[in-house]
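One file, coords-v3.tsv, is given below (TSV, C-alpha atoms).
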```tsv
chain	number	residue	atom	x	y	z
A	1	MET	CA	65.46	74.71	179.79
A	2	SER	CA	63.88	74.12	183.19
A	3	LYS	CA	60.41	72.64	183.59
A	4	GLU	CA	59.13	76.01	184.86
A	5	SER	CA	60.53	78.01	181.95
A	6	GLY	CA	59.33	75.42	179.45
A	7	ALA	CA	55.83	75.63	180.89
A	8	ARG	CA	55.85	79.40	180.62
A	9	ALA	CA	56.98	79.21	176.99
A	10	ARG	CA	54.08	76.89	176.16
A	11	GLY	CA	51.64	79.16	177.98
A	12	ASP	CA	50.68	76.54	180.59
A	13	ARG	CA	48.49	77.79	183.41
A	14	GLN	CA	48.35	77.05	187.13
A	15	VAL	CA	44.83	75.95	188.13
A	16	GLY	CA	44.01	74.78	191.65
A	17	GLY	CA	47.61	73.81	192.38
A	18	LEU	CA	47.86	71.76	189.17
A	19	ARG	CA	49.60	72.92	186.03
A	20	ARG	CA	47.35	72.51	183.01
A	21	LYS	CA	48.87	72.50	179.56
A	22	ARG	CA	47.41	74.71	176.88
A	23	LYS	CA	46.48	72.51	173.97
A	24	ALA	CA	47.58	73.17	170.44
A	25	TRP	CA	44.87	74.26	168.04
A	26	SER	CA	44.35	72.87	164.56
A	27	LEU	CA	43.80	76.27	162.88
A	28	TRP	CA	47.29	76.10	161.40
A	29	GLU	CA	49.03	73.41	159.39
A	30	GLU	CA	51.53	73.13	162.22
A	31	ARG	CA	49.89	72.28	165.53
A	32	ARG	CA	50.97	74.89	168.04
A	33	VAL	CA	49.56	77.04	170.79
A	34	PRO	CA	48.22	80.29	169.32
A	35	SER	CA	48.97	83.64	170.90
A	36	ASP	CA	46.14	85.60	172.49
A	37	TYR	CA	46.34	87.92	169.49
A	38	GLU	CA	45.75	85.02	167.10
A	39	VAL	CA	42.97	83.52	169.22
A	40	VAL	CA	40.81	86.63	168.84
A	41	SER	CA	41.72	87.27	165.19
A	42	HIS	CA	42.33	84.13	163.15
A	43	ARG	CA	39.62	83.37	160.60
A	44	PHE	CA	37.21	85.51	162.56
A	45	HIS	CA	35.75	86.80	159.29
A	46	TYR	CA	34.13	83.50	158.40
A	47	HIS	CA	31.99	85.36	155.85
A	48	PHE	CA	34.84	86.38	153.53
A	49	ARG	CA	34.65	84.48	150.19
A	50	ARG	CA	31.77	82.44	151.53
A	51	GLU	CA	29.46	80.91	148.97
A	52	PRO	CA	26.90	81.77	147.76
A	53	ALA	CA	26.96	85.00	149.80
A	54	PRO	CA	28.83	86.37	152.82
A	55	PHE	CA	25.89	86.46	155.24
A	56	ASP	CA	22.98	84.11	155.94
A	57	LEU	CA	20.51	86.18	153.98
A	58	ASP	CA	19.21	86.20	150.44
A	59	PRO	CA	22.26	86.56	148.16
A	60	ASN	CA	20.53	89.60	146.65
A	61	HIS	CA	20.05	91.27	150.01
A	62	PRO	CA	21.67	94.74	149.95
A	63	ILE	CA	24.30	93.90	152.56
A	64	ASN	CA	25.42	90.83	150.64
A	65	ARG	CA	25.57	92.74	147.39
A	66	TRP	CA	27.51	95.53	149.09
A	67	TYR	CA	30.20	93.22	150.46
A	68	LEU	CA	30.44	91.22	147.25
A	69	LYS	CA	30.97	94.41	145.24
A	70	HIS	CA	33.23	96.41	147.55
A	71	ARG	CA	35.19	93.66	149.34
A	72	GLU	CA	35.25	90.44	147.31
A	73	GLY	CA	35.02	92.58	144.17
A	74	SER	CA	37.91	94.84	145.12
A	75	PRO	CA	41.06	94.52	142.97
A	76	PHE	CA	43.12	94.67	146.15
A	77	GLN	CA	43.25	90.94	146.92
A	78	VAL	CA	45.71	88.21	147.81
A	79	ASP	CA	45.10	84.48	148.07
A	80	ASP	CA	45.37	84.41	151.86
A	81	TRP	CA	45.00	87.40	154.15
A	82	GLU	CA	45.12	85.26	157.29
A	83	GLN	CA	48.92	85.14	157.39
A	84	PHE	CA	49.19	88.90	157.83
A	85	ARG	CA	50.17	90.16	161.27
A	86	ASP	CA	50.02	93.72	162.54
A	87	PRO	CA	53.46	94.58	163.98
A	88	ALA	CA	51.85	95.84	167.20
A	89	ARG	CA	49.83	92.60	167.62
A	90	LEU	CA	47.33	94.36	169.87
A	91	THR	CA	44.28	92.70	171.35
A	92	TYR	CA	41.45	94.85	172.69
A	93	LYS	CA	42.81	94.35	176.22
A	94	ASP	CA	46.29	95.38	175.11
A	95	TYR	CA	44.95	98.48	173.38
A	96	VAL	CA	42.89	99.60	176.37
A	97	THR	CA	45.86	99.13	178.70
A	98	LEU	CA	48.17	101.04	176.36
A	99	GLN	CA	45.82	103.96	175.85
A	100	LYS	CA	44.83	104.14	179.51
A	101	ASP	CA	48.43	105.03	180.33
A	102	ARG	CA	48.55	107.52	177.46
A	103	GLU	CA	45.32	109.18	178.54
A	104	LEU	CA	46.57	109.44	182.12
A	105	TYR	CA	49.62	111.24	180.73
A	106	VAL	CA	47.47	113.73	178.77
A	107	ASP	CA	45.16	114.23	181.75
A	108	GLN	CA	48.18	115.05	183.89
A	109	LEU	CA	49.46	117.46	181.26
A	110	ILE	CA	46.15	119.30	181.19
A	111	ASP	CA	45.93	119.41	184.99
A	112	ASP	CA	49.46	120.80	185.28
A	113	PHE	CA	48.87	123.54	182.71
A	114	GLU	CA	45.46	124.46	184.10
A	115	ARG	CA	46.97	124.91	187.57
A	116	GLU	CA	49.25	127.50	185.95
A	117	ASP	CA	46.24	129.30	184.40
A	118	HIS	CA	47.57	128.38	180.96
A	119	TYR	CA	44.57	129.33	178.80
A	120	ARG	CA	44.18	132.81	180.25
A	121	ARG	CA	47.83	133.57	179.59
A	122	LEU	CA	47.63	132.79	175.87
A	123	PRO	CA	47.80	135.86	173.58
A	124	LYS	CA	44.52	136.88	171.97
A	125	ALA	CA	46.07	136.71	168.49
A	126	TRP	CA	47.00	133.05	169.07
A	127	VAL	CA	43.55	132.19	170.41
A	128	ASP	CA	41.94	133.89	167.41
A	129	LEU	CA	44.05	131.69	165.13
A	130	LEU	CA	43.11	128.56	167.08
A	131	GLU	CA	39.45	129.35	166.43
A	132	VAL	CA	40.03	129.15	162.67
A	133	LEU	CA	42.88	126.64	162.37
A	134	TYR	CA	42.53	124.23	165.28
A	135	ILE	CA	39.01	124.10	166.71
A	136	PRO	CA	37.34	123.05	163.40
A	137	SER	CA	39.71	120.06	163.22
A	138	ARG	CA	37.12	118.07	165.16
A	139	PHE	CA	35.21	117.74	161.87
A	140	SER	CA	38.16	116.52	159.81
A	141	GLY	CA	39.19	114.24	162.66
A	142	HIS	CA	35.73	112.70	162.77
A	143	VAL	CA	35.92	111.92	159.05
A	144	LEU	CA	39.25	110.15	159.58
A	145	GLN	CA	37.62	108.16	162.36
A	146	MET	CA	34.66	107.14	160.19
A	147	SER	CA	36.88	106.26	157.26
A	148	ALA	CA	39.10	104.00	159.38
A	149	MET	CA	36.04	102.29	160.82
A	150	TYR	CA	34.62	101.77	157.33
A	151	TRP	CA	37.61	100.08	155.69
A	152	ALA	CA	38.14	98.10	158.89
A	153	GLN	CA	34.56	96.85	158.78
A	154	MET	CA	34.97	95.89	155.12
A	155	ALA	CA	38.44	94.31	155.44
A	156	PRO	CA	38.85	90.62	154.50
A	157	SER	CA	40.59	89.55	157.73
A	158	ALA	CA	40.23	90.39	161.42
A	159	TYR	CA	43.99	90.88	161.55
A	160	ILE	CA	43.33	93.97	159.42
A	161	THR	CA	39.99	94.91	160.95
A	162	ASN	CA	41.26	95.03	164.51
A	163	ALA	CA	44.07	97.44	163.62
A	164	GLY	CA	41.59	99.65	161.77
A	165	TYR	CA	39.24	99.79	164.73
A	166	PHE	CA	42.10	100.79	167.01
A	167	GLN	CA	43.04	103.48	164.49
A	168	GLY	CA	39.48	104.78	164.59
A	169	ALA	CA	39.66	104.90	168.38
A	170	ASP	CA	42.90	106.87	168.11
A	171	GLU	CA	41.13	109.45	165.94
A	172	LEU	CA	38.31	109.72	168.47
A	173	ARG	CA	40.86	110.30	171.19
A	174	ARG	CA	42.37	113.22	169.26
A	175	LEU	CA	39.09	114.91	168.34
A	176	GLN	CA	37.70	114.61	171.87
A	177	ARG	CA	40.73	116.45	173.17
A	178	SER	CA	40.31	119.22	170.60
A	179	ALA	CA	36.69	119.63	171.70
A	180	TYR	CA	37.82	119.84	175.33
A	181	ILE	CA	40.39	122.51	174.49
A	182	ALA	CA	37.71	124.54	172.71
A	183	LYS	CA	35.52	124.52	175.82
A	184	ALA	CA	38.45	125.33	178.11
A	185	LEU	CA	39.49	128.28	175.94
A	186	SER	CA	35.93	129.59	175.90
A	187	LEU	CA	35.95	130.04	179.67
A	188	ASP	CA	38.71	132.65	179.40
A	189	HIS	CA	38.39	134.02	175.87
A	190	GLY	CA	34.70	134.00	175.01
A	191	GLU	CA	31.80	131.60	174.71
A	192	HIS	CA	31.95	131.79	170.91
A	193	LEU	CA	34.91	129.39	170.96
A	194	ALA	CA	32.62	126.61	172.20
A	195	ASP	CA	29.78	127.48	169.83
A	196	SER	CA	29.40	124.42	167.61
A	197	GLU	CA	27.35	126.25	165.00
A	198	ARG	CA	30.01	128.93	164.66
A	199	THR	CA	32.72	126.28	164.35
A	200	ARG	CA	30.66	124.37	161.82
A	201	ALA	CA	30.30	127.55	159.75
A	202	ILE	CA	34.10	127.82	159.61
A	203	TRP	CA	34.32	124.19	158.47
A	204	GLU	CA	31.67	124.70	155.80
A	205	ASP	CA	32.44	128.22	154.58
A	206	ASP	CA	35.97	129.36	155.40
A	207	PRO	CA	38.00	129.20	152.16
A	208	HIS	CA	41.06	127.81	153.94
A	209	TRP	CA	39.08	124.75	155.01
A	210	GLN	CA	37.21	124.01	151.77
A	211	PRO	CA	39.93	121.90	150.07
A	212	MET	CA	40.19	119.85	153.26
A	213	ARG	CA	36.42	119.47	153.52
A	214	GLU	CA	36.27	118.37	149.89
A	215	VAL	CA	38.87	115.62	150.22
A	216	MET	CA	37.43	114.44	153.53
A	217	GLU	CA	33.88	114.20	152.23
A	218	LYS	CA	35.05	112.37	149.11
A	219	LEU	CA	36.91	109.99	151.40
A	220	LEU	CA	33.54	108.95	152.82
A	221	ILE	CA	32.36	107.74	149.41
A	222	ALA	CA	35.45	105.69	148.55
A	223	TYR	CA	33.49	102.45	148.98
A	224	ASP	CA	35.97	99.88	147.62
A	225	TRP	CA	37.69	98.59	150.74
A	226	GLY	CA	41.12	98.70	149.10
A	227	GLU	CA	40.76	102.23	147.79
A	228	SER	CA	39.34	103.40	151.11
A	229	PHE	CA	42.33	101.93	152.92
A	230	VAL	CA	44.84	103.41	150.46
A	231	ALA	CA	43.19	106.84	150.32
A	232	THR	CA	42.99	107.04	154.10
A	233	ASN	CA	46.17	105.36	155.30
A	234	LEU	CA	48.57	106.00	152.43
A	235	VAL	CA	47.57	109.53	151.52
A	236	VAL	CA	45.05	111.61	153.47
A	237	LYS	CA	45.91	110.54	157.02
A	238	PRO	CA	49.72	110.73	156.72
A	239	VAL	CA	49.43	114.15	155.05
A	240	TYR	CA	46.97	115.36	157.67
A	241	ASP	CA	49.02	113.99	160.56
A	242	ALA	CA	52.20	115.64	159.28
A	243	LEU	CA	50.28	118.91	159.13
A	244	MET	CA	48.38	118.73	162.43
A	245	ASN	CA	50.61	116.61	164.65
A	246	VAL	CA	54.04	117.71	163.47
A	247	ALA	CA	53.84	121.15	161.82
A	248	PHE	CA	51.04	122.43	164.07
A	249	SER	CA	52.79	121.06	167.15
A	250	GLY	CA	55.86	123.07	166.19
A	251	LEU	CA	53.74	126.17	165.56
A	252	ALA	CA	52.15	125.84	169.01
A	253	GLU	CA	55.57	125.59	170.62
A	254	GLN	CA	56.77	128.72	168.80
A	255	ASN	CA	53.74	130.59	170.12
A	256	GLY	CA	54.07	129.56	173.74
A	257	ASP	CA	51.27	126.98	173.72
A	258	ASP	CA	53.26	124.10	175.17
A	259	LEU	CA	50.10	122.21	176.11
A	260	LEU	CA	49.00	121.78	172.49
A	261	HIS	CA	52.59	121.14	171.47
A	262	LEU	CA	52.96	118.24	173.91
A	263	MET	CA	49.48	116.85	173.28
A	264	HIS	CA	50.06	116.58	169.56
A	265	ARG	CA	53.47	115.04	170.04
A	266	ASP	CA	51.65	112.35	172.00
A	267	PHE	CA	49.00	111.92	169.28
A	268	GLN	CA	51.80	111.39	166.79
A	269	LEU	CA	52.67	108.15	168.61
A	270	ASP	CA	49.24	106.84	167.56
A	271	SER	CA	49.96	107.93	164.00
A	272	GLU	CA	53.29	106.12	164.00
A	273	ARG	CA	51.62	102.88	165.11
A	274	ALA	CA	49.07	103.24	162.28
A	275	ALA	CA	51.91	103.93	159.84
A	276	ASN	CA	53.78	100.78	160.93
A	277	PHE	CA	50.62	98.72	160.40
A	278	THR	CA	50.08	100.29	156.98
A	279	VAL	CA	53.64	99.60	155.85
A	280	ALA	CA	53.37	95.98	156.99
A	281	LEU	CA	50.06	95.42	155.18
A	282	VAL	CA	51.28	97.00	151.93
A	283	ARG	CA	54.46	94.94	151.98
A	284	TYR	CA	52.45	91.79	152.67
A	285	ALA	CA	50.16	92.46	149.71
A	286	THR	CA	52.82	93.57	147.22
A	287	GLU	CA	55.11	90.66	148.02
A	288	ARG	CA	52.29	88.28	147.12
A	289	VAL	CA	50.92	90.17	144.11
A	290	SER	CA	53.59	92.33	142.47
A	291	ASP	CA	51.02	94.12	140.29
A	292	HIS	CA	49.57	95.66	143.43
A	293	ARG	CA	52.37	98.24	143.27
A	294	ARG	CA	50.78	99.59	140.10
A	295	LEU	CA	47.28	99.47	141.62
A	296	LEU	CA	48.30	101.23	144.81
A	297	GLY	CA	50.30	103.76	142.80
A	298	GLU	CA	47.21	104.64	140.76
A	299	TRP	CA	45.13	105.17	143.89
A	300	ILE	CA	47.90	107.23	145.50
A	301	GLU	CA	48.09	109.50	142.45
A	302	LYS	CA	44.31	109.90	142.48
A	303	TRP	CA	44.30	111.15	146.08
A	304	ARG	CA	47.70	112.83	146.43
A	305	GLU	CA	47.01	116.22	144.83
A	306	PRO	CA	43.62	116.72	146.55
A	307	ALA	CA	45.30	115.91	149.88
A	308	TYR	CA	48.15	118.34	149.19
A	309	ARG	CA	45.69	121.07	148.20
A	310	ALA	CA	43.87	120.48	151.48
A	311	ALA	CA	47.11	120.85	153.42
A	312	GLU	CA	48.05	123.99	151.45
A	313	GLY	CA	44.74	125.63	152.34
A	314	LEU	CA	45.43	125.27	156.05
A	315	ALA	CA	49.17	125.91	155.72
A	316	ALA	CA	48.31	129.45	154.65
A	317	LEU	CA	46.84	130.00	158.12
A	318	PHE	CA	50.16	129.10	159.74
A	319	GLU	CA	51.52	132.42	158.44
A	320	LYS	CA	48.88	134.31	160.44
A	321	ALA	CA	50.15	133.14	163.84
A	322	PRO	CA	51.91	135.74	166.04
A	323	HIS	CA	55.10	133.75	165.41
A	324	GLY	CA	54.15	132.27	162.08
A	325	MET	CA	55.53	129.62	159.76
A	326	ALA	CA	55.78	130.22	156.03
A	327	LYS	CA	53.30	128.26	153.96
A	328	GLU	CA	56.11	126.92	151.80
A	329	ALA	CA	58.01	125.67	154.85
A	330	VAL	CA	54.91	123.87	156.14
A	331	MET	CA	54.29	122.22	152.78
A	332	ASP	CA	57.93	121.22	152.41
A	333	LEU	CA	57.61	119.43	155.76
A	334	VAL	CA	54.33	117.74	154.76
A	335	ARG	CA	55.58	116.59	151.36
A	336	ALA	CA	58.90	115.34	152.72
A	337	SER	CA	57.14	113.42	155.48
A	338	HIS	CA	54.74	111.82	153.00
A	339	ARG	CA	57.51	110.97	150.55
A	340	THR	CA	59.55	109.29	153.31
A	341	PHE	CA	56.50	107.29	154.35
A	342	LEU	CA	55.83	106.06	150.81
A	343	GLU	CA	59.51	105.20	150.37
A	344	ARG	CA	59.19	102.74	153.28
A	345	MET	CA	56.82	100.74	151.06
A	346	GLY	CA	58.68	101.26	147.80
A	347	LEU	CA	55.83	103.44	146.50
A	348	ALA	CA	57.37	106.92	146.40
```
structure tokens encoding of this file:
Amino acid sequence: MSKESGARARGDRQVGGLRRKRKAWSLWEERRVPSDYEVVSHRFHYHFRREPAPFDLDPNHPINRWYLKHREGSPFQVDDWEQFRDPARLTYKDYVTLQKDRELYVDQLIDDFEREDHYRRLPKAWVDLLEVLYIPSRFSGHVLQMSAMYWAQMAPSAYITNAGYFQGADELRRLQRSAYIAKALSLDHGEHLADSERTRAIWEDDPHWQPMREVMEKLLIAYDWGESFVATNLVVKPVYDALMNVAFSGLAEQNGDDLLHLMHRDFQLDSERAANFTVALVRYATERVSDHRRLLGEWIEKWREPAYRAAEGLAALFEKAPHGMAKEAVMDLVRASHRTFLERMGLA
């Protein structure tokens, strides 16, 4: 190895014409240069398992009691969370760079379709379905964002927290685009499509949405960090993403709405990154504590049927599209996708 390549491998930097070596840190048993990902993550949660309480407040302060009950007190524990690594190994800078390129792609998609007067050309029957099936998804998407941010905030290691925060940002990206589409459609098909109160009434009262609203609102009160993570990432989110990113994307394509089809194919890339992180974390935990397979299985069974009922409620609307999909076909896709996902972790 040449001196130049060896310096690059160590992460040495050129400063003022002189090459300065990056020094090894003593955060690990072996002294080595940490990656940028490790620098901003390792042992960042100094407050986890800190005695007598996580934070420098009275041990009986509500925030200390909350963390002690729902994080330290969670049955989902291993001896050392600090050895876990998210497969994507994203820092904040990496994430912003990645998503900037993705957002430029979606912006270009929208610009191209709007130049072709895409929204005006959509059939009224399809737009009417979007009002009931698609536009209210901003509410369910916001719950998925809040849930990801909650279990991330409560997680025992920054290696887990960071991935959860990026997942929450992914959800925000999706729901912002759905809100934009609602406004764009309203310019050609009626102001009611951008009426938030009307959309909220669909979310709160339409019978097709009520099973989804129920499971989403219950997700917000799953306070144990482990259960919140499992309910969100192992059940509700993968079921929802199979329904809204995969099945709905196909429905949009069948009905000539290539913009929504391509947008949701792009959103599915975010979902796949979250799935890879989830698989890695579950494998890490179950390899260290074999009984976690039973624990995770119990939580999965608790949330599976409510999540499937939620998907079934909306799947019935797929039949109402001008070129519809049978409810049974939609649910077969959703269940098969979820089963394959759980099989990756040995939890099917």
Q | Spatial neighbours of His189 in chain A, 9 Å, all atoms listed in the file, chain gap at least 4 places, as a PyMOL selection string | A | chain A and resi 119-120+124+127+184-185+193
Taking all atoms listed in the file into account, produce a table as JSON lines in which each residue of range 77-184 of chain A with an atom at most 8 Å from an atom of range 56-71 of chain A appears once, together with its shortest atom pair and the distance in Å to one decimal, ordered by chain and rising number.
```
{"residue": "A:Met154", "atom": "CA", "partner": "A:Arg71", "partner_atom": "CA", "distance": 6.2}
{"residue": "A:Ala155", "atom": "CA", "partner": "A:Arg71", "partner_atom": "CA", "distance": 6.9}
{"residue": "A:Pro156", "atom": "CA", "partner": "A:Arg71", "partner_atom": "CA", "distance": 7.0}
```
(Q) So, with only C-alpha atoms as the atoms that count, which of A:His118, A:Arg177, A:Lys237, A:Arg138 lies closest to Thr199 in chain A? (A)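 Residue with the minimum atom-to-atom distance to Thr199 in chain A: A:Arg138.
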Q | For Met325 in chain A, the nearest of the candidates A:Ala88, A:Ala280, A:Leu243, A:Met345, counting only C-alpha atoms | A |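 Once distances to Met325 in chain A are computed over only C-alpha atoms, the minimum belongs to A:Leu243.
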Using all atoms listed in the file, find all polymer residues with an atom at most 12 Å away from the point (50.1, 118.3, 155.9); report them as a PDB file with C-alpha atoms, in the coordinates of the input.
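See result.pdb below for the written result:
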```pdb
ATOM      1  CA  MET A 212      40.190 119.850 153.260  1.00  0.00           C
ATOM      2  CA  VAL A 235      47.570 109.530 151.520  1.00  0.00           C
ATOM      3  CA  VAL A 236      45.050 111.610 153.470  1.00  0.00           C
ATOM      4  CA  LYS A 237      45.910 110.540 157.020  1.00  0.00           C
ATOM      5  CA  PRO A 238      49.720 110.730 156.720  1.00  0.00           C
ATOM      6  CA  VAL A 239      49.430 114.150 155.050  1.00  0.00           C
ATOM      7  CA  TYR A 240      46.970 115.360 157.670  1.00  0.00           C
ATOM      8  CA  ASP A 241      49.020 113.990 160.560  1.00  0.00           C
ATOM      9  CA  ALA A 242      52.200 115.640 159.280  1.00  0.00           C
ATOM     10  CA  LEU A 243      50.280 118.910 159.130  1.00  0.00           C
ATOM     11  CA  MET A 244      48.380 118.730 162.430  1.00  0.00           C
ATOM     12  CA  ASN A 245      50.610 116.610 164.650  1.00  0.00           C
ATOM     13  CA  VAL A 246      54.040 117.710 163.470  1.00  0.00           C
ATOM     14  CA  ALA A 247      53.840 121.150 161.820  1.00  0.00           C
ATOM     15  CA  PHE A 248      51.040 122.430 164.070  1.00  0.00           C
ATOM     16  CA  SER A 249      52.790 121.060 167.150  1.00  0.00           C
ATOM     17  CA  ARG A 304      47.700 112.830 146.430  1.00  0.00           C
ATOM     18  CA  GLU A 305      47.010 116.220 144.830  1.00  0.00           C
ATOM     19  CA  PRO A 306      43.620 116.720 146.550  1.00  0.00           C
ATOM     20  CA  ALA A 307      45.300 115.910 149.880  1.00  0.00           C
ATOM     21  CA  TYR A 308      48.150 118.340 149.190  1.00  0.00           C
ATOM     22  CA  ARG A 309      45.690 121.070 148.200  1.00  0.00           C
ATOM     23  CA  ALA A 310      43.870 120.480 151.480  1.00  0.00           C
ATOM     24  CA  ALA A 311      47.110 120.850 153.420  1.00  0.00           C
ATOM     25  CA  GLU A 312      48.050 123.990 151.450  1.00  0.00           C
ATOM     26  CA  GLY A 313      44.740 125.630 152.340  1.00  0.00           C
ATOM     27  CA  LEU A 314      45.430 125.270 156.050  1.00  0.00           C
ATOM     28  CA  ALA A 315      49.170 125.910 155.720  1.00  0.00           C
ATOM     29  CA  ALA A 316      48.310 129.450 154.650  1.00  0.00           C
ATOM     30  CA  PHE A 318      50.160 129.100 159.740  1.00  0.00           C
ATOM     31  CA  LYS A 327      53.300 128.260 153.960  1.00  0.00           C
ATOM     32  CA  GLU A 328      56.110 126.920 151.800  1.00  0.00           C
ATOM     33  CA  ALA A 329      58.010 125.670 154.850  1.00  0.00           C
ATOM     34  CA  VAL A 330      54.910 123.870 156.140  1.00  0.00           C
ATOM     35  CA  MET A 331      54.290 122.220 152.780  1.00  0.00           C
ATOM     36  CA  ASP A 332      57.930 121.220 152.410  1.00  0.00           C
ATOM     37  CA  LEU A 333      57.610 119.430 155.760  1.00  0.00           C
ATOM     38  CA  VAL A 334      54.330 117.740 154.760  1.00  0.00           C
ATOM     39  CA  ARG A 335      55.580 116.590 151.360  1.00  0.00           C
ATOM     40  CA  ALA A 336      58.900 115.340 152.720  1.00  0.00           C
ATOM     41  CA  SER A 337      57.140 113.420 155.480  1.00  0.00           C
ATOM     42  CA  HIS A 338      54.740 111.820 153.000  1.00  0.00           C
ATOM     43  CA  ARG A 339      57.510 110.970 150.550  1.00  0.00           C
TER      44      ARG A 339
END
```
Q.
When you count only C-alpha atoms, which of these residues is closest to Met149 in chain A: A:Leu220, A:Val215, A:Val96, A:Val282?
A. A:Leu220
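Of note, CA of Leu251 in chain A and CA of His323 in chain A are spaced 7.7 Å apart.
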Q: Please indicate the distance in Å from CA of Val39 in chain A to CA of Thr91 in chain A, rounded to one decimal place.
A: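 Answer for the CA of Val39 in chain A to CA of Thr91 in chain A separation: 9.5 Å.
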Q: For Tyr165 in chain A, please output as an MDAnalysis selection string all residues within 9 Å (counting only C-alpha atoms; exclusion window: fewer than 6 positions along the same chain).
A: chainID A and resid 145 148:150 152:153
(Q) Using only C-alpha atoms, can you tell me which of A:Phe277, A:Tyr180, A:Tyr92, A:Phe55 comes closest to Ile160 in chain A? (A)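 For Ile160 in chain A, the nearest of the given residues is A:Phe277.
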Could you list, with a cut-off of 9 Å and counting all atoms listed in the file, the residues of range 213-309 of chain A near range 171-175 of chain A, each shown with its nearest atom pair and the distance in Å rounded to one decimal, rows sorted by chain and ascending number, as a Markdown table?
```
| residue | atom | partner | partner_atom | distance |
| --- | --- | --- | --- | --- |
| A:Met263 | CA | A:Arg174 | CA | 8.9 |
| A:His264 | CA | A:Arg174 | CA | 8.4 |
| A:Phe267 | CA | A:Arg174 | CA | 6.8 |
| A:Asp270 | CA | A:Glu171 | CA | 8.7 |
```
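In terms of minimum interatomic distance to Asp107 in chain A, A:Asp266 ranks closest within A:Ser35, A:Arg344, A:Thr232, A:Asp266, counting all atoms listed in the file.
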Q | Top pick for closest residue to Asp257 in chain A, considering A:Asp79, A:Arg121, A:Leu104, A:Ala158 and counting only C-alpha atoms | A |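 Answer, going by the shortest atom-to-atom distance: A:Arg121.
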